[in-house]
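Trainee: Contents of coords22.pdb (PDB, C-alpha atoms) are below:
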ATOM      1  CA  MET A   2       0.000   0.000   0.000  1.00  0.00           C
ATOM      2  CA  LYS A   3       2.810   2.389   0.906  1.00  0.00           C
ATOM      3  CA  GLU A   4       4.313   2.000  -2.593  1.00  0.00           C
ATOM      4  CA  GLN A   5       1.015   3.059  -4.201  1.00  0.00           C
ATOM      5  CA  LEU A   6       0.835   6.109  -1.931  1.00  0.00           C
ATOM      6  CA  ILE A   7       4.424   7.065  -2.784  1.00  0.00           C
ATOM      7  CA  LYS A   8       3.693   6.744  -6.523  1.00  0.00           C
ATOM      8  CA  GLY A   9       0.619   8.936  -6.152  1.00  0.00           C
ATOM      9  CA  MET A  10       2.629  11.585  -4.331  1.00  0.00           C
ATOM     10  CA  GLN A  11       5.500  11.490  -6.852  1.00  0.00           C
ATOM     11  CA  ARG A  12       3.062  11.814  -9.763  1.00  0.00           C
ATOM     12  CA  ASN A  13       1.189  14.637  -8.004  1.00  0.00           C
ATOM     13  CA  GLN A  14      -2.100  12.721  -8.434  1.00  0.00           C
ATOM     14  CA  PHE A  15      -5.498  13.025  -6.845  1.00  0.00           C
ATOM     15  CA  LEU A  16      -6.427   9.694  -5.251  1.00  0.00           C
ATOM     16  CA  ASN A  17      -9.694   8.036  -4.248  1.00  0.00           C
ATOM     17  CA  MET A  18      -9.198   6.134  -1.006  1.00  0.00           C
ATOM     18  CA  MET A  19     -11.247   3.797   1.149  1.00  0.00           C
ATOM     19  CA  TYR A  20     -10.164   4.277   4.752  1.00  0.00           C
ATOM     20  CA  MET A  21     -11.088   2.524   8.003  1.00  0.00           C
ATOM     21  CA  ALA A  22     -11.137   4.799  11.048  1.00  0.00           C
ATOM     22  CA  LYS A  23     -10.163   3.642  14.558  1.00  0.00           C
ATOM     23  CA  ASP A  24     -13.839   3.063  15.398  1.00  0.00           C
ATOM     24  CA  GLY A  25     -14.238   0.702  12.414  1.00  0.00           C
ATOM     25  CA  GLN A  26     -16.166   3.088  10.179  1.00  0.00           C
ATOM     26  CA  VAL A  27     -15.197   2.980   6.510  1.00  0.00           C
ATOM     27  CA  SER A  28     -15.195   6.170   4.462  1.00  0.00           C
ATOM     28  CA  LYS A  29     -14.428   7.048   0.856  1.00  0.00           C
ATOM     29  CA  ARG A  30     -12.178  10.085   0.476  1.00  0.00           C
ATOM     30  CA  ARG A  31     -10.576  12.048  -2.337  1.00  0.00           C
ATOM     31  CA  ILE A  32      -7.084  13.087  -1.272  1.00  0.00           C
ATOM     32  CA  LYS A  33      -3.834  14.633  -2.441  1.00  0.00           C
ATOM     33  CA  ILE A  34      -0.775  13.451  -0.513  1.00  0.00           C
ATOM     34  CA  ILE A  35       1.478  16.060   1.077  1.00  0.00           C
ATOM     35  CA  LYS A  36       4.084  13.874   2.816  1.00  0.00           C
ATOM     36  CA  ILE A  37       4.611  10.264   3.835  1.00  0.00           C
ATOM     37  CA  GLY A  38       6.192   9.024   7.055  1.00  0.00           C
ATOM     38  CA  SER A  39       7.101   5.519   8.215  1.00  0.00           C
ATOM     39  CA  ASP A  40       3.587   4.487   9.317  1.00  0.00           C
ATOM     40  CA  SER A  41       1.379   7.486   8.481  1.00  0.00           C
ATOM     41  CA  PHE A  42       0.944  10.188   5.859  1.00  0.00           C
ATOM     42  CA  GLN A  43      -0.466  13.691   5.582  1.00  0.00           C
ATOM     43  CA  ALA A  44      -2.876  14.541   2.806  1.00  0.00           C
ATOM     44  CA  TYR A  45      -5.365  17.200   1.871  1.00  0.00           C
ATOM     45  CA  CYS A  46      -8.833  15.626   2.139  1.00  0.00           C
ATOM     46  CA  PHE A  47     -11.281  17.194  -0.332  1.00  0.00           C
ATOM     47  CA  ASN A  48     -14.263  15.661   1.533  1.00  0.00           C
ATOM     48  CA  LYS A  49     -13.358  17.416   4.798  1.00  0.00           C
ATOM     49  CA  GLN A  50     -11.649  20.358   3.031  1.00  0.00           C
ATOM     50  CA  ALA A  51      -8.723  20.133   5.459  1.00  0.00           C
ATOM     51  CA  LYS A  52      -5.276  18.616   5.898  1.00  0.00           C
ATOM     52  CA  ARG A  53      -5.514  15.233   7.660  1.00  0.00           C
ATOM     53  CA  THR A  54      -3.148  12.570   8.949  1.00  0.00           C
ATOM     54  CA  PHE A  55      -3.918   8.966   7.979  1.00  0.00           C
ATOM     55  CA  ILE A  56      -2.436   5.659   9.174  1.00  0.00           C
ATOM     56  CA  ILE A  57      -1.068   3.664   6.233  1.00  0.00           C
ATOM     57  CA  ASP A  58      -2.257   0.308   7.640  1.00  0.00           C
ATOM     58  CA  SER A  59      -5.839   1.657   7.804  1.00  0.00           C
ATOM     59  CA  VAL A  60      -5.986   2.352   4.060  1.00  0.00           C
ATOM     60  CA  LEU A  61      -8.100  -0.351   2.422  1.00  0.00           C
ATOM     61  CA  VAL A  62      -7.885   0.746  -1.236  1.00  0.00           C
ATOM     62  CA  VAL A  63      -6.269   3.616  -3.078  1.00  0.00           C
ATOM     63  CA  VAL A  64      -6.938   4.376  -6.765  1.00  0.00           C
ATOM     64  CA  PRO A  65      -5.692   7.317  -8.839  1.00  0.00           C
ATOM     65  CA  VAL A  66      -8.301   9.683 -10.259  1.00  0.00           C
ATOM     66  CA  LEU A  67      -7.713   9.356 -14.003  1.00  0.00           C
ATOM     67  CA  HIS A  68     -10.004  12.080 -15.275  1.00  0.00           C
ATOM     68  CA  LYS A  69     -11.293  15.275 -13.762  1.00  0.00           C
ATOM     69  CA  GLU A  70     -14.994  15.944 -13.604  1.00  0.00           C
ATOM     70  CA  ARG A  71     -15.964  18.641 -16.077  1.00  0.00           C
ATOM     71  CA  GLU A  72     -17.993  21.668 -15.180  1.00  0.00           C
ATOM     72  CA  VAL A  73     -21.193  22.335 -17.077  1.00  0.00           C
ATOM     73  CA  VAL A  74     -21.136  25.820 -18.549  1.00  0.00           C
TER      74      VAL A  74
END
Take the structure in the file and give it back as structure tokens.
Mentor:
Amino acid sequence: MKEQLIKGMQRNQFLNMMYMAKDGQVSKRRIKIIKIGSDSFQAYCFNKQAKRTFIIDSVLVVVPVLHKEREVV
């Protein structure tokens, strides 16, 4: 999992992530990674509109966002 997070950070990608919180709740988040440590990482969470710290072992799935949603004009 850590390798996928590092690739996403190096490629400056937006990522969709499924994450399990300490209380067991699973949430889907869109993130952009800021920095990665040994067992956690910091990312901007677009769902919460804030910088958050996540535990790498609690990440269930991470997938790069391949296309941006277009605005209707």
Trainee: Ranking A:Met2, A:Gln14, A:Lys23, A:Ser28 by minimum distance to A:Ala44 and counting all atoms listed in the file, which one comes first?
Mentor: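 Between A:Met2, A:Gln14, A:Lys23, A:Ser28, the residue approaching A:Ala44 most closely is A:Gln14.
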Trainee: Going by the chain IDs and residue numbers used in this file, which residues fall under the PyMOL selection byres ((chain A and resi 40) around 8)? Write them as an mmCIF file with C-alpha atoms, in the coordinates of the input.
Mentor:
data_model
loop_
_atom_site.group_PDB
_atom_site.id
_atom_site.type_symbol
_atom_site.label_atom_id
_atom_site.label_comp_id
_atom_site.auth_asym_id
_atom_site.auth_seq_id
_atom_site.Cartn_x
_atom_site.Cartn_y
_atom_site.Cartn_z
ATOM 1 C CA GLY A 38 6.192 9.024 7.055
ATOM 2 C CA SER A 39 7.101 5.519 8.215
ATOM 3 C CA SER A 41 1.379 7.486 8.481
ATOM 4 C CA PHE A 42 0.944 10.188 5.859
ATOM 5 C CA ILE A 56 -2.436 5.659 9.174
ATOM 6 C CA ILE A 57 -1.068 3.664 6.233
ATOM 7 C CA ASP A 58 -2.257 0.308 7.640
#
Trainee: Using all atoms listed in the file, pick whichever of A:Ile32, A:Met19, A:Met10, A:Val27 has the shortest atom-to-atom distance to A:Val60.
Mentor: A:Met19
Trainee: Can you measure atom CA of A:Arg12 to atom CA of A:Gln26 for me? One decimal in Å is fine.
Mentor: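 These atoms are spaced 29.0 Å apart.
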Trainee: Interatomic distance between atom CA of A:Thr54 and atom CA of A:Lys29?
Mentor: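 Atom CA of A:Lys29 lies at a distance of 14.9 Å from atom CA of A:Thr54.
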Trainee: Using only C-alpha atoms, pick whichever of A:Lys3, A:Arg31, A:Gln43, A:Lys52 has the shortest atom-to-atom distance to A:Leu16.
Mentor: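 So, comparing all the options, the nearest one is A:Arg31.
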Trainee: In Å, rounded to a single decimal, give me how far atom CA of A:Asn13 is from atom CA of A:Arg30.
Mentor: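 Result for atom CA of A:Arg30 versus atom CA of A:Asn13: 16.5 Å, one decimal.
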Trainee: Could you work out an axis-aligned box for stretch 2-8 of chain A, taking every atom the file lists and adding 5 Å on each side, and report centre and edge lengths in Å to one decimal, as AutoDock Vina command-line options?
Mentor:
--center_x 2.2 --center_y 3.5 --center_z -2.8 --size_x 14.4 --size_y 17.1 --size_z 17.4
Trainee: Find the residues with any atom within 10 Å of (-4.3, 3.4, -9.4); use all atoms listed in the file and the coordinates as given in the file, and write the answer as a PyMOL selection string.
Mentor: chain A and resi 5-6+8-9+14+16-17+62-67
